[in-house]
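Colleague: One file: structure.cif (mmCIF, C-alpha atoms).
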```cif
data_query
#
loop_
_atom_site.label_atom_id
_atom_site.label_comp_id
_atom_site.auth_asym_id
_atom_site.auth_seq_id
_atom_site.Cartn_x
_atom_site.Cartn_y
_atom_site.Cartn_z
CA MET A 174 224.79 232.66 -87.32
CA ILE A 175 221.67 230.51 -87.26
CA SER A 176 221.81 227.70 -84.73
CA SER A 177 221.26 224.12 -85.76
CA LYS A 178 218.00 222.43 -84.90
CA SER A 179 219.72 220.41 -82.20
CA SER A 180 220.78 223.52 -80.29
CA ILE A 181 217.25 224.90 -80.54
CA SER A 182 215.87 221.70 -79.07
CA SER A 183 218.24 221.78 -76.12
CA GLY A 184 217.58 225.18 -74.54
CA GLN A 185 219.14 228.58 -75.17
CA THR A 186 220.07 229.26 -78.77
CA ASP A 187 222.43 232.08 -77.86
CA GLN A 188 224.61 232.23 -74.75
CA GLY A 189 227.17 234.38 -76.53
CA ALA A 190 228.39 237.91 -76.11
CA SER A 191 224.97 239.45 -76.70
CA ARG A 192 223.67 238.00 -73.42
CA SER A 193 224.55 239.91 -70.26
CA LEU A 194 223.71 237.00 -67.91
CA ARG A 195 223.71 233.20 -67.94
CA LEU A 196 220.04 232.59 -68.52
CA PRO A 197 218.54 229.52 -66.87
CA PRO A 198 216.81 226.90 -69.06
CA SER A 199 213.49 227.97 -67.52
CA ILE A 200 213.69 231.07 -69.74
CA ILE A 201 213.08 230.34 -73.41
CA VAL A 202 214.18 233.29 -75.52
CA TYR A 203 212.20 233.83 -78.71
CA ASP A 204 215.05 234.95 -80.96
CA GLY A 205 216.11 234.75 -84.60
CA PRO A 206 216.69 230.98 -84.77
CA ARG A 207 213.37 230.27 -83.04
CA ALA A 208 211.46 232.80 -85.16
CA LEU A 209 212.83 231.17 -88.31
CA HIS A 210 212.27 227.62 -87.14
CA GLY A 211 208.78 228.31 -85.78
CA ARG A 212 207.46 230.43 -88.62
CA ARG A 213 205.01 227.84 -90.00
CA LEU A 214 203.57 227.13 -86.55
CA ASN A 215 203.25 230.82 -85.75
CA ARG A 216 201.60 231.67 -89.08
CA PHE A 217 199.18 228.79 -88.55
CA ALA A 218 198.39 230.04 -85.04
CA LEU A 219 197.87 233.60 -86.23
CA SER A 220 195.58 232.40 -89.05
CA ILE A 221 192.97 231.28 -86.54
CA ARG A 222 192.36 234.84 -85.41
CA ASP A 223 189.83 234.65 -88.22
CA ALA A 224 186.61 233.19 -86.80
CA GLU A 225 185.90 231.04 -89.85
CA ASN A 226 189.44 229.61 -89.79
CA ARG A 227 189.02 228.92 -86.08
CA ARG A 228 185.85 226.98 -86.77
CA LYS A 229 187.55 224.98 -89.52
CA PHE A 230 190.53 224.15 -87.30
CA VAL A 231 188.41 223.00 -84.38
CA ALA A 232 186.14 220.96 -86.68
CA ASP A 233 189.04 219.13 -88.35
CA GLU A 234 192.42 219.91 -86.84
CA GLU A 235 194.41 217.61 -89.08
CA SER A 236 193.02 218.88 -92.38
CA TYR A 237 193.39 222.49 -91.32
CA MET A 238 197.01 222.02 -90.23
CA ARG A 239 197.85 220.21 -93.48
CA ALA A 240 196.27 223.02 -95.50
CA GLN A 241 198.44 225.47 -93.54
CA GLY A 242 201.56 223.57 -94.60
CA LEU A 243 202.66 222.27 -91.19
CA THR A 244 205.10 219.37 -91.26
CA GLU A 245 204.21 216.02 -89.71
CA LYS A 246 206.45 216.81 -86.73
CA GLU A 247 204.71 220.14 -86.20
CA ARG A 248 201.25 218.62 -86.52
CA ALA A 249 202.19 215.91 -84.04
CA MET A 250 203.25 218.48 -81.43
CA VAL A 251 199.84 220.17 -81.72
CA ARG A 252 198.07 216.79 -81.69
CA ARG A 253 199.87 215.88 -78.45
CA ARG A 254 199.14 219.38 -77.02
CA ASP A 255 202.83 219.47 -76.15
CA TRP A 256 203.07 223.19 -75.42
CA LEU A 257 206.58 223.05 -73.98
CA GLU A 258 207.97 221.31 -77.04
CA ILE A 259 206.16 223.80 -79.28
CA VAL A 260 207.74 226.86 -77.64
CA ILE A 261 211.19 225.29 -77.51
CA TYR A 262 210.81 224.46 -81.21
CA GLY A 263 210.02 228.08 -82.08
CA GLY A 264 206.33 228.60 -81.46
CA ASN A 265 205.74 231.97 -79.83
CA MET A 266 203.33 231.77 -76.93
CA TYR A 267 201.56 234.97 -78.00
CA ALA A 268 200.59 233.12 -81.19
CA ILE A 269 200.27 229.60 -79.77
CA ILE A 270 197.89 230.65 -76.98
CA LYS A 271 195.33 231.30 -79.75
CA VAL A 272 195.50 227.59 -80.62
CA ALA A 273 195.12 226.52 -77.00
CA ARG A 274 192.18 228.85 -76.42
CA ALA A 275 190.47 227.66 -79.61
CA LEU A 276 190.74 224.15 -78.16
CA GLY A 277 189.25 225.30 -74.86
CA ILE A 278 192.50 225.06 -72.90
CA SER A 279 193.22 227.99 -70.55
CA GLN A 280 196.56 229.73 -70.19
CA ALA A 281 196.92 228.46 -66.62
CA ARG A 282 196.44 224.86 -67.81
CA VAL A 283 198.96 225.35 -70.62
CA GLY A 284 201.36 226.79 -68.08
CA ALA A 285 200.94 224.09 -65.45
CA GLN A 286 201.68 221.51 -68.14
CA MET A 287 204.83 223.38 -69.26
CA ARG A 288 205.99 223.38 -65.64
CA GLY A 289 205.31 219.65 -65.43
CA GLU A 290 202.84 220.23 -62.62
CA ASP A 291 199.39 219.06 -61.79
CA PHE A 292 196.93 221.91 -62.44
CA ASP A 293 195.60 221.99 -58.88
CA ALA A 294 199.12 222.01 -57.47
CA PHE A 295 200.01 224.95 -59.71
CA MET A 296 196.90 226.87 -58.67
CA ALA A 297 197.76 226.22 -55.02
CA SER A 298 201.07 228.05 -55.63
CA ARG A 299 199.15 231.32 -56.18
CA PRO A 300 199.50 234.06 -55.10
CA VAL A 301 203.28 234.09 -55.16
CA GLY A 302 204.86 235.40 -51.95
CA PRO A 303 207.99 237.45 -51.31
CA THR A 304 211.09 236.42 -53.28
CA GLY A 305 213.83 238.55 -51.70
CA ILE A 306 215.08 239.38 -55.22
CA ALA A 307 214.29 243.04 -55.73
CA SER A 308 216.96 244.55 -57.98
CA ARG A 309 219.90 243.87 -60.28
CA ASP A 310 222.11 243.76 -57.16
CA ASP A 311 220.43 240.46 -56.26
CA LEU A 312 221.40 238.65 -59.48
CA GLY A 313 224.90 237.44 -58.51
CA LYS A 314 224.24 233.79 -59.21
CA TRP A 315 223.36 234.52 -62.85
CA ARG A 316 226.43 236.67 -63.57
CA LYS A 317 228.92 235.33 -66.09
CA MET B 435 202.85 274.51 -77.62
CA ALA B 436 201.50 271.12 -76.65
CA ARG B 437 202.19 270.04 -73.10
CA ILE B 438 202.41 266.84 -71.12
CA LEU B 439 200.02 266.72 -68.16
CA GLY B 440 201.46 263.54 -66.70
CA GLY B 441 201.95 259.85 -67.24
CA ILE B 442 200.30 256.57 -66.39
CA GLY B 443 201.78 253.10 -66.15
CA ALA B 444 199.19 250.34 -66.41
CA SER B 445 199.01 246.60 -66.92
CA HIS B 446 197.65 245.37 -70.25
CA ALA B 447 196.95 241.80 -69.13
CA PRO B 448 194.17 240.10 -71.15
CA SER B 449 192.83 238.71 -67.86
CA LEU B 450 191.64 242.23 -66.97
CA ALA B 451 189.77 242.40 -70.28
CA PHE B 452 188.20 238.96 -69.76
CA ALA B 453 187.01 239.98 -66.28
CA GLN B 454 185.72 243.32 -67.57
CA ASP B 455 183.84 241.81 -70.51
CA ALA B 456 182.30 239.17 -68.23
CA GLY B 457 181.10 241.91 -65.84
CA LYS B 458 183.14 240.62 -62.90
CA GLN B 459 184.18 244.07 -61.61
CA ASN B 460 182.39 243.58 -58.30
CA GLU B 461 183.26 239.94 -57.70
CA PRO B 462 185.52 239.39 -54.69
CA GLU B 463 188.66 238.41 -56.64
CA TRP B 464 188.41 241.44 -58.95
CA LYS B 465 186.79 244.27 -56.97
CA GLU B 466 190.00 245.57 -55.40
CA ILE B 467 191.70 245.72 -58.80
CA PHE B 468 188.88 247.46 -60.66
CA ASP B 469 188.29 249.88 -57.77
CA ALA B 470 191.98 250.76 -57.92
CA TYR B 471 191.36 252.44 -61.28
CA HIS B 472 188.91 254.99 -59.82
CA PRO B 473 191.60 257.51 -58.76
CA ALA B 474 193.05 257.28 -62.29
CA HIS B 475 189.60 257.98 -63.75
CA ALA B 476 189.22 261.02 -61.49
CA TRP B 477 192.63 262.37 -62.47
CA LEU B 478 191.89 261.91 -66.18
CA ARG B 479 188.51 263.65 -65.80
CA GLU B 480 190.19 266.57 -64.09
CA LYS B 481 193.03 266.85 -66.61
CA ALA B 482 190.88 266.18 -69.70
CA PRO B 483 193.71 265.31 -72.10
CA ASP B 484 193.15 265.62 -75.85
CA THR B 485 195.65 262.99 -76.90
CA VAL B 486 197.24 259.94 -75.32
CA VAL B 487 200.65 258.83 -76.52
CA LEU B 488 200.31 255.13 -75.77
CA ILE B 489 203.59 253.24 -75.49
CA TYR B 490 203.01 249.52 -75.77
CA ASN B 491 204.16 246.36 -77.46
CA ASP B 492 202.33 244.41 -80.11
CA HIS B 493 201.92 240.64 -79.56
CA MET B 494 202.44 239.37 -83.14
CA ASN B 495 199.05 240.78 -84.15
CA THR B 496 200.42 243.61 -86.29
CA PHE B 497 204.08 242.60 -86.51
CA CYS B 498 205.09 239.03 -87.28
CA ASP B 499 207.03 238.64 -90.54
CA ILE B 500 208.13 242.25 -90.27
CA VAL B 501 209.19 243.27 -86.76
CA PRO B 502 210.13 246.94 -86.30
CA SER B 503 212.02 247.92 -83.15
CA ILE B 504 209.94 251.10 -82.85
CA ALA B 505 206.76 251.83 -84.81
CA ILE B 506 204.26 254.70 -84.60
CA SER B 507 200.67 254.63 -85.82
CA VAL B 508 200.13 257.49 -88.24
CA GLY B 509 196.76 256.70 -89.90
CA GLU B 510 193.29 258.02 -89.14
CA THR B 511 192.28 255.19 -86.81
CA ASN B 512 193.69 252.24 -84.90
CA PRO B 513 191.35 249.31 -85.65
CA VAL B 514 190.25 246.93 -82.88
CA ILE B 515 190.84 243.32 -83.97
CA ASP B 516 189.86 239.77 -83.08
CA GLU B 517 192.96 238.35 -81.38
CA GLY B 518 191.65 234.81 -81.69
CA TRP B 519 188.99 234.66 -78.99
CA GLY B 520 186.41 237.07 -80.41
CA LYS B 521 186.57 240.80 -81.10
CA ARG B 522 185.85 242.87 -78.01
CA PRO B 523 182.77 245.08 -78.38
CA PHE B 524 184.57 248.41 -78.52
CA PRO B 525 184.89 251.01 -81.28
CA ASP B 526 188.12 251.58 -83.15
CA CYS B 527 190.46 254.10 -81.54
CA PRO B 528 190.82 257.47 -83.29
CA ASN B 529 194.42 258.43 -83.95
CA ASP B 530 195.90 261.92 -84.04
CA PRO B 531 197.72 261.73 -87.39
CA GLU B 532 198.89 265.34 -87.40
CA MET B 533 200.63 264.98 -84.05
CA ALA B 534 201.79 261.46 -84.91
CA TRP B 535 203.58 262.70 -88.01
CA HIS B 536 205.09 265.52 -85.96
CA LEU B 537 206.47 262.88 -83.57
CA VAL B 538 207.84 260.87 -86.49
CA ASN B 539 209.47 263.92 -88.09
CA HIS B 540 211.03 265.01 -84.82
CA LEU B 541 212.23 261.55 -83.81
CA VAL B 542 213.76 260.71 -87.20
CA ALA B 543 215.49 264.11 -87.21
CA HIS B 544 216.96 263.12 -83.84
CA ASP B 545 218.31 259.73 -84.94
CA PHE B 546 215.42 257.43 -84.00
CA ASP B 547 214.61 255.30 -87.05
CA ILE B 548 210.83 255.01 -86.79
CA THR B 549 208.63 252.61 -88.74
CA THR B 550 205.39 254.34 -89.70
CA CYS B 551 202.25 252.24 -89.68
CA MET B 552 198.98 253.31 -91.34
CA SER B 553 196.93 250.63 -89.64
CA GLN B 554 198.37 249.53 -86.32
CA GLN B 555 196.02 246.80 -85.10
CA VAL B 556 194.73 247.35 -81.57
CA ASP B 557 195.49 244.21 -79.58
CA HIS B 558 195.39 243.89 -75.80
CA GLY B 559 198.62 245.88 -75.49
CA MET B 560 196.59 248.98 -76.33
CA LEU B 561 192.97 248.01 -75.72
CA THR B 562 193.14 246.62 -72.17
CA PRO B 563 194.43 249.87 -70.63
CA ILE B 564 192.19 252.00 -72.86
CA THR B 565 189.06 250.18 -71.69
CA MET B 566 190.27 250.19 -68.08
CA LEU B 567 190.85 253.96 -68.14
CA PHE B 568 188.20 255.33 -70.54
CA GLU B 569 184.68 254.62 -71.73
CA PRO B 570 183.47 254.87 -75.30
CA PRO B 571 182.92 257.02 -77.23
CA TRP B 572 186.66 257.49 -76.68
CA PRO B 573 187.26 261.00 -75.25
CA VAL B 574 190.87 261.08 -76.48
CA ARG B 575 192.84 260.44 -79.63
CA ILE B 576 195.43 257.72 -79.30
CA ILE B 577 198.86 257.59 -80.90
CA GLY B 578 200.31 254.09 -80.60
CA VAL B 579 204.08 253.86 -80.12
CA SER B 580 205.02 250.20 -80.39
CA ILE B 581 208.32 248.91 -78.99
CA ASN B 582 209.40 245.39 -79.93
CA ALA B 583 209.20 243.31 -76.74
CA VAL B 584 208.58 239.97 -78.43
CA GLN B 585 211.30 238.92 -80.89
CA HIS B 586 214.87 239.25 -79.62
CA PRO B 587 217.09 241.23 -80.01
CA LEU B 588 215.04 243.90 -78.23
CA PRO B 589 215.71 247.62 -77.82
CA SER B 590 217.56 248.18 -74.55
CA PRO B 591 215.98 249.89 -71.56
CA ARG B 592 218.44 252.77 -72.16
CA ARG B 593 217.20 253.11 -75.75
CA CYS B 594 213.60 253.18 -74.55
CA TRP B 595 214.38 255.76 -71.86
CA ASN B 596 216.07 257.96 -74.48
CA LEU B 597 213.08 257.50 -76.80
CA GLY B 598 210.88 258.81 -74.01
CA ARG B 599 213.15 261.84 -73.50
CA GLU B 600 212.92 262.63 -77.20
CA ILE B 601 209.15 262.11 -77.28
CA ARG B 602 208.93 264.78 -74.57
CA ARG B 603 210.96 267.23 -76.66
CA ALA B 604 208.82 266.37 -79.69
CA ILE B 605 205.58 267.09 -77.83
CA GLU B 606 206.96 270.31 -76.37
CA SER B 607 207.93 271.50 -79.86
CA TYR B 608 204.50 270.75 -81.35
CA ASP B 609 202.85 273.99 -82.38
CA ASN B 610 199.40 273.19 -81.04
CA ASP B 611 197.83 273.62 -77.61
CA ALA B 612 197.06 269.90 -77.23
CA LYS B 613 197.08 268.45 -73.72
CA VAL B 614 198.86 265.12 -73.71
CA VAL B 615 199.06 262.17 -71.33
CA VAL B 616 201.74 259.53 -71.89
CA LEU B 617 200.63 255.99 -71.09
CA GLY B 618 203.06 253.06 -70.79
CA THR B 619 201.43 249.64 -70.75
CA GLY B 620 202.34 246.09 -69.82
CA GLY B 621 203.96 244.03 -67.12
CA LEU B 622 204.71 243.91 -64.49
CA SER B 623 206.33 240.54 -63.72
CA HIS B 624 205.04 237.54 -65.65
CA GLN B 625 206.31 234.62 -67.69
CA THR B 626 204.06 232.74 -70.10
CA THR B 627 206.52 230.17 -71.45
CA GLY B 628 208.57 227.19 -70.36
CA SER B 629 209.19 225.60 -67.00
CA GLY B 630 209.34 229.08 -65.48
CA PHE B 631 205.73 229.76 -66.42
CA GLY B 632 203.96 231.76 -63.73
CA HIS B 633 207.08 233.53 -62.48
CA VAL B 634 205.86 236.53 -60.50
CA ASN B 635 208.14 238.70 -58.38
CA PRO B 636 206.27 241.18 -56.17
CA ASP B 637 209.52 242.39 -54.54
CA TRP B 638 210.97 243.47 -57.88
CA ASP B 639 207.67 244.89 -59.13
CA GLN B 640 207.30 247.10 -56.05
CA ASN B 641 210.92 248.23 -56.30
CA PHE B 642 210.46 248.88 -60.02
CA MET B 643 207.50 251.18 -59.33
CA THR B 644 209.44 253.03 -56.63
CA LEU B 645 212.50 253.47 -58.85
CA LEU B 646 210.33 254.53 -61.78
CA GLU B 647 208.84 257.30 -59.68
CA THR B 648 211.91 258.49 -57.79
CA GLU B 649 215.11 257.40 -59.60
CA PRO B 650 213.90 256.45 -63.06
CA GLU B 651 217.16 256.70 -64.93
CA THR B 652 218.67 253.91 -62.80
CA LEU B 653 216.25 251.59 -64.64
CA ALA B 654 217.84 252.57 -67.96
CA ASP B 655 221.01 250.82 -66.77
CA TYR B 656 219.27 247.46 -66.46
CA THR B 657 219.68 244.92 -69.28
CA GLN B 658 216.83 242.98 -70.82
CA ASP B 659 218.42 239.80 -69.42
CA GLU B 660 218.32 241.24 -65.90
CA ILE B 661 214.67 242.19 -66.36
CA MET B 662 213.89 238.66 -67.64
CA ILE B 663 215.38 237.00 -64.56
CA LEU B 664 213.86 239.49 -62.14
CA GLY B 665 210.40 239.64 -63.68
CA GLY B 666 210.10 236.72 -66.08
CA ALA B 667 210.73 236.33 -69.82
CA GLU B 668 207.68 238.32 -70.93
CA SER B 669 208.18 241.11 -68.40
CA VAL B 670 210.60 242.78 -70.80
CA GLU B 671 207.63 244.92 -71.80
CA VAL B 672 208.23 247.06 -68.71
CA VAL B 673 210.44 249.09 -71.06
CA ASN B 674 207.12 250.69 -72.11
CA TRP B 675 206.86 252.12 -68.59
CA ILE B 676 210.52 253.22 -68.69
CA CYS B 677 209.88 255.01 -72.00
CA MET B 678 206.77 256.68 -70.56
CA ARG B 679 208.73 257.89 -67.53
CA GLY B 680 211.44 259.21 -69.85
CA ALA B 681 208.81 261.49 -71.36
CA LEU B 682 208.08 263.06 -67.96
CA SER B 683 210.11 265.61 -66.04
CA ASP B 684 211.86 265.10 -62.70
CA GLN B 685 209.14 267.26 -61.14
CA VAL B 686 206.40 264.64 -61.04
CA ARG B 687 203.99 264.13 -58.17
CA ARG B 688 202.57 260.68 -57.51
CA VAL B 689 198.77 260.78 -57.68
CA HIS B 690 198.12 257.08 -57.30
CA ARG B 691 199.93 253.77 -57.00
CA PHE B 692 198.46 250.27 -56.86
CA TYR B 693 199.86 246.77 -57.09
CA ALA B 694 198.38 243.29 -56.79
CA ALA B 695 199.60 239.90 -57.97
CA PRO B 696 196.86 237.37 -57.27
CA MET B 697 197.64 234.89 -60.06
CA LEU B 698 199.95 235.02 -63.10
CA THR B 699 200.86 238.71 -63.44
CA GLY B 700 201.78 241.65 -61.28
CA TYR B 701 199.04 244.18 -61.98
CA GLY B 702 200.62 247.61 -61.59
CA LEU B 703 199.01 251.03 -61.84
CA LEU B 704 200.90 254.29 -61.36
CA VAL B 705 199.64 257.82 -62.06
CA LEU B 706 202.21 260.63 -62.12
CA ASP B 707 201.23 264.28 -62.46
CA GLU B 708 203.54 266.99 -63.80
CA LYS B 709 203.80 269.31 -60.78
CA LEU B 710 204.66 272.25 -62.99
CA ASN B 711 201.21 272.10 -64.53
CA GLU B 712 199.48 272.68 -61.23
CA GLU B 713 199.53 276.47 -61.36
CA SER B 714 198.55 276.65 -65.01
#
```
Just give me the structure as structure tokens.

Modeller:
Amino acid sequence: MISSKSSISSGQTDQGASRSLRLPPSIIVYDGPRALHGRRLNRFALSIRDAENRRKFVADEESYMRAQGLTEKERAMVRRRDWLEIVIYGGNMYAIIKVARALGISQARVGAQMRGEDFDAFMASRPVGPTGIASRDDLGKWRK
Amino acid sequence: MARILGGIGASHAPSLAFAQDAGKQNEPEWKEIFDAYHPAHAWLREKAPDTVVLIYNDHMNTFCDIVPSIAISVGETNPVIDEGWGKRPFPDCPNDPEMAWHLVNHLVAHDFDITTCMSQQVDHGMLTPITMLFEPPWPVRIIGVSINAVQHPLPSPRRCWNLGREIRRAIESYDNDAKVVVLGTGGLSHQTTGSGFGHVNPDWDQNFMTLLETEPETLADYTQDEIMILGGAESVEVVNWICMRGALSDQVRRVHRFYAAPMLTGYGLLVLDEKLNEES
């Protein structure tokens, strides 16, 4: 069953029997509904692996995205550099990071933005310290 | 018969490749990590494998519209590609098609439905650990075994463990005196998407490496959801390590273990030697 667009936009697309835990909204699962919904964005992102396509995209983002068949909504998300909305919509970060890098935006900056954090504040959170969560026995709060 | 000399688990983070290509191996933030590969280099020099069975996951560079759960490269070479930020200056990786087809024949005969791939593109899932462990011209042939760790539903850890067990039986039934190392790449904890970006869990990563060495089959009982919460959404690729360990015996000796998590990823490195090979 393919989820409606509204359920894609609001977090997990599948909290049914196939999930063994209640996943928090901080985890965005790239699954069938997202792969289907995000296919134009992902194909566009993969197309700029080609150096000439990359040059064309950076030189004129709008024309390149139109030529790739992105919808106005999809083009607007890229225009706004709204990485969180893009991955919730169905963009896969392994593809979308190619777009960010072509635009000179690092993974850490993309990530800080998705977290809703200032870049320097995010960098100050590194390295991550002990969590006290070391095995499946520590996952009680996520059990169904 | 071919035999397995041991296994290696290694990160495939692109950040290692960026640092390597920029010549930062001796800079303070990288030196400890690059130096940690020296014992692995020494072990590989001593063992001199002919072929590496490299268990990894593609990152939409080979598989996008078509996403196989398990694919094996069976052509003459594995071509190095431009992932979108420039092609790394390394030669294509020679495959071992004869052994690869033996693996495919054996695995399909034992109920693993394998996708064969004539031209499996070498993205960072393969190339980062290859360049961290070897120098060109590549001294080994490389058979890529790709497990889907990107588009859910994903093969379970149990499935990947069993795949490793069967890969061992396939190698041991290969009528050739090839010396084989099994390499599992990826992880450890990291999350590249959403408000949980940057999730790193050193406690789990360290426990994972201990369990992998000493009680590996307990990891087969984990679910992908459990791994996602423990290690982050993209850490599901640790099934590549579980598969690698499945291809080893319970007689392994740890040669080397390293872990550091300075930024966005837990960089793990584990070298396990098959004890039984010591007297041979």

Colleague: Quick one: which residues from chain A are at most 6 Å off chain B, using all atoms listed in the file, as a list in words?

Modeller: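 Matching residues, ligands excluded from the count: Ser199, Tyr203, Asp204, Arg222, Leu257, Tyr267, Lys271, Gly284, Met287, Arg288, Arg299, Pro300 and Ala307 of chain A.
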
Colleague: Which residues, written as a ChimeraX atom specification, have at least one atom at most 7 Å from B:Ser503, with all atoms listed in the file counted and residues fewer than 2 positions away on the same chain left out?

Modeller: /B:501,505,581-582,589

Colleague: Given the PyMOL selection byres ((chain A and resi 262) around 7) and the file above, list the residues it selects as a compact mmCIF listing (two decimals) with C-alpha atoms, keeping the file's coordinate frame.

Modeller:
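Writing done, so here's part.txt:
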```txt
# COMPACT_ATOMS: atom_id res chain seq x y z
CA ILE A 181 217.25 224.90 -80.54
CA SER A 182 215.87 221.70 -79.07
CA ARG A 207 213.37 230.27 -83.04
CA HIS A 210 212.27 227.62 -87.14
CA GLY A 211 208.78 228.31 -85.78
CA GLU A 258 207.97 221.31 -77.04
CA ILE A 259 206.16 223.80 -79.28
CA VAL A 260 207.74 226.86 -77.64
CA ILE A 261 211.19 225.29 -77.51
CA GLY A 263 210.02 228.08 -82.08
CA GLY A 264 206.33 228.60 -81.46
```

Colleague: Give the answer as one residue: which of B:Pro523, B:Pro563, B:Gly598, B:Gly680 has the shortest atom-to-atom distance to B:Leu450, using only C-alpha atoms?

Modeller: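 Ranking B:Pro523, B:Pro563, B:Gly598, B:Gly680 by distance to B:Leu450, first place goes to B:Pro563.
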
Colleague: For the atom pair atom CA of B:Trp675 and atom CA of A:Leu196, what is the interatomic distance in Å to one decimal place?

Modeller: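 Between these atoms lies a distance of 23.6 Å.
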
Colleague: How many Å separate atom CA of B:Ala447 from atom CA of B:Thr619?

Modeller: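 Here the two named atoms are 9.2 Å from each other.
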